[in-house]
Amino acid sequence: MLFSAMTGSLVADELGWPEKEELKFGFIKLTDMAPLAIAYEKGFFEDEGLYVTLEAQANWKVLLDRVIDGQLDGAHMLAGQPLGATIGFGTQSHIITAFSMDLNGNGITVSNDVWQQMEAHIPQQNGKPVHPIKADYLKPVVEKYRSEGKPFKMGMVFPVSTHNYELRYWLAAGDIHPGFYAPHKGDTSGQIDAQALLSVTPPPQMPATMEAGTIHGYCVGEPWNQQAVFKDIGVPVITDYEIWKNNPEKVFGVSKAWAEENPNTHIRVVKAMIRAAKWLDENNNANRPESVKILAKSSYVGADAEVIANSMTGTFEYEKGDKRDVPDFNVFFRYNATYPYYSDAIWYLTQMRRWGQIAEPRSDDWFMETAKKVYRPDIYAKAAKSLIAEGKATASDFPDFATETGFKPPQSEFIDDVVFDGTQPNAYLEKFAIGLKGNTVL
């Protein structure tokens, strides 16, 4: 025990004690806040000399504002939030991330009425719909609504959310225009030229908003797709894993000023969260049942454990009774999920440009420079190396820091088969029939 304490002290001396020990982190009630809950419940924060309070936030805007004004030291964030804030879309503030919280984890759900209309167009095999279900099968439904003079409305959680970009990607791949933003003209509705009207609904309110008929479908994280199945009010038609295999989802964000004031604290926070993510995925998800019980607490996600378990334990239920194995629906550590890749940042920036949130053309260099301002693999590497030195992780758990460029190889596993190469953002945008590109300005 004495040896262990001495070893910990030596490592602490090398890394430096935390500048700030009492911390408050924010989150939204979604299963992908799990690394925060596990780092707290398993004592990983305390191992780093950190005394953390976790606090659920009302919505993504409140969460971001509270990180900016210092009420929160950091938070579970939409991957687009640090990027959007740093470039000044919506709120202007330099936010950084040194930790990616998960891969995948979202789905698109439609109401029972819309599903019945879609189903007529979807191929069947052994009495069940063939997956993945493309938006091509939604197009006749959208056209019917429009021919009757009725708007077709869908919900997403925030303008710079993965959910907004995934929903738009899926719709556009099925030749349904999801609309443009024009912030330079004061239009932040995102509905210019839209065939499907997208608007913001907070995640926990998605099922009730759809049940009330205010929206006809939505894109959200868990457990709010599975909740629609349990309540028998809608059918999840596709997961984001099927839209873009192993797509990055949430990040842990802090203000740049906070990171500069508390460098040791920041590295220690990342260390604790890496350990939590590792725990969540180790031994083929053996710890997921325990994590489900933790997340079901009212202080975290506060949904029934049965609903949370549907996705967290490697399955996903589409229509009631149509439960399929999706072992990677929630990934927290495998595939270097926690590493903040520049290419992930650049994909989000391309989507901001594609849909007009970035109104003007930008050079490839601008995309790269912006990614490097926000995504901080250098901080991540310090945390990982400290864990390796302490014997709490091995070098094989991480990318090879000596050779890692921050760019994944070109990715081809998208629903429309368009290949994404993060080193060529403008060439990527040119590949899409729907969306802004080149010198186009609305």
# chains A, B, ... in the order shown; residues from 1 in each chain; ligands from 1
$ residues_around --residues "Thr394 in chain A" --least-positions-apart "4" --cutoff "9 Å" --atoms "only C-alpha atoms" --output "list in words"
Ala384, Lys385, Leu387, Ile388, Ala389 and Phe398 of chain A
$ residues_around --residues "Ile96 in chain A" --least-positions-apart "2" --cutoff "12 Å" --atoms "only C-alpha atoms" --output "PyMOL selection string"
chain A and resi 64+67-68+74-75+77+79-87+93-94+98-100+251-260+266+340+345+370-380
$ closest_atom_pairs --of "range 48-158 of chain A" --to "range 165-182 of chain A" --cutoff "10 Å" --atoms "only C-alpha atoms" --output "tab-separated table"
residue	atom	partner	partner_atom	distance
A:Gly80	CA	A:Tyr165	CA	9.5
A:Asn106	CA	A:Glu166	CA	8.9
A:Gly107	CA	A:Leu167	CA	9.0
A:Ile108	CA	A:Leu167	CA	7.3
A:Ile133	CA	A:Trp170	CA	9.8
A:Lys134	CA	A:Gly174	CA	6.4
A:Ala135	CA	A:Gly174	CA	4.4
A:Asp136	CA	A:Gly174	CA	4.3
A:Tyr137	CA	A:Gly174	CA	7.8
A:Leu138	CA	A:Gly174	CA	7.9
A:Lys139	CA	A:Ile176	CA	6.4
A:Pro140	CA	A:Ile176	CA	9.9
A:Val142	CA	A:Ile176	CA	8.1
A:Glu143	CA	A:Ile176	CA	9.3
A:Met154	CA	A:Leu167	CA	9.0
A:Gly155	CA	A:Leu167	CA	9.1
A:Met156	CA	A:Leu167	CA	7.7
A:Phe158	CA	A:Tyr165	CA	9.9
$ residues_around --residues "range 20-30 of chain A" --least-positions-apart "5" --cutoff "9 Å" --atoms "only C-alpha atoms" --output "ChimeraX atom specification"
/A:36,49-60,63,66-67,71-77,203-204,221-224,262,264-265,295,299-303
$ residues_around --residues "His163 in chain A" --least-positions-apart "6" --cutoff "7 Å" --atoms "only C-alpha atoms" --output "number ranges by chain"
A: 156-157, 219-220
$ closest_residue --among "A:Ala34, A:Val130, A:Ala383, A:Leu429" --to "Arg324 in chain A" --atoms "only C-alpha atoms"
A:Val130
$ select_by_dssp --residues "range 271-423 of chain A" --states "helix (DSSP H, G or I)" --output "ChimeraX atom specification"
/A:271-285,288-295,305-312,334-336,342-354,364-374,377-389,395-397
$ atom_distance --atom1 "CA of Met273 in chain A" --atom2 "CA of Phe332 in chain A"
10.1 Å
$ closest_residue --among "A:Asn336, A:Asp416, A:Ile38, A:Lys271" --to "Ser396 in chain A" --atoms "only C-alpha atoms"
A:Asn336
$ atom_distance --atom1 "CA of Arg334 in chain A" --atom2 "CA of Asp400 in chain A"
14.8 Å
$ closest_residue --among "A:Lys250, A:Lys323, A:Lys297, A:Lys382" --to "Val160 in chain A" --atoms "only C-alpha atoms"
A:Lys250
$ closest_residue --among "A:Met118, A:Ala359, A:Gly105, A:Ser199" --to "Gly314 in chain A" --atoms "only C-alpha atoms"
A:Gly105
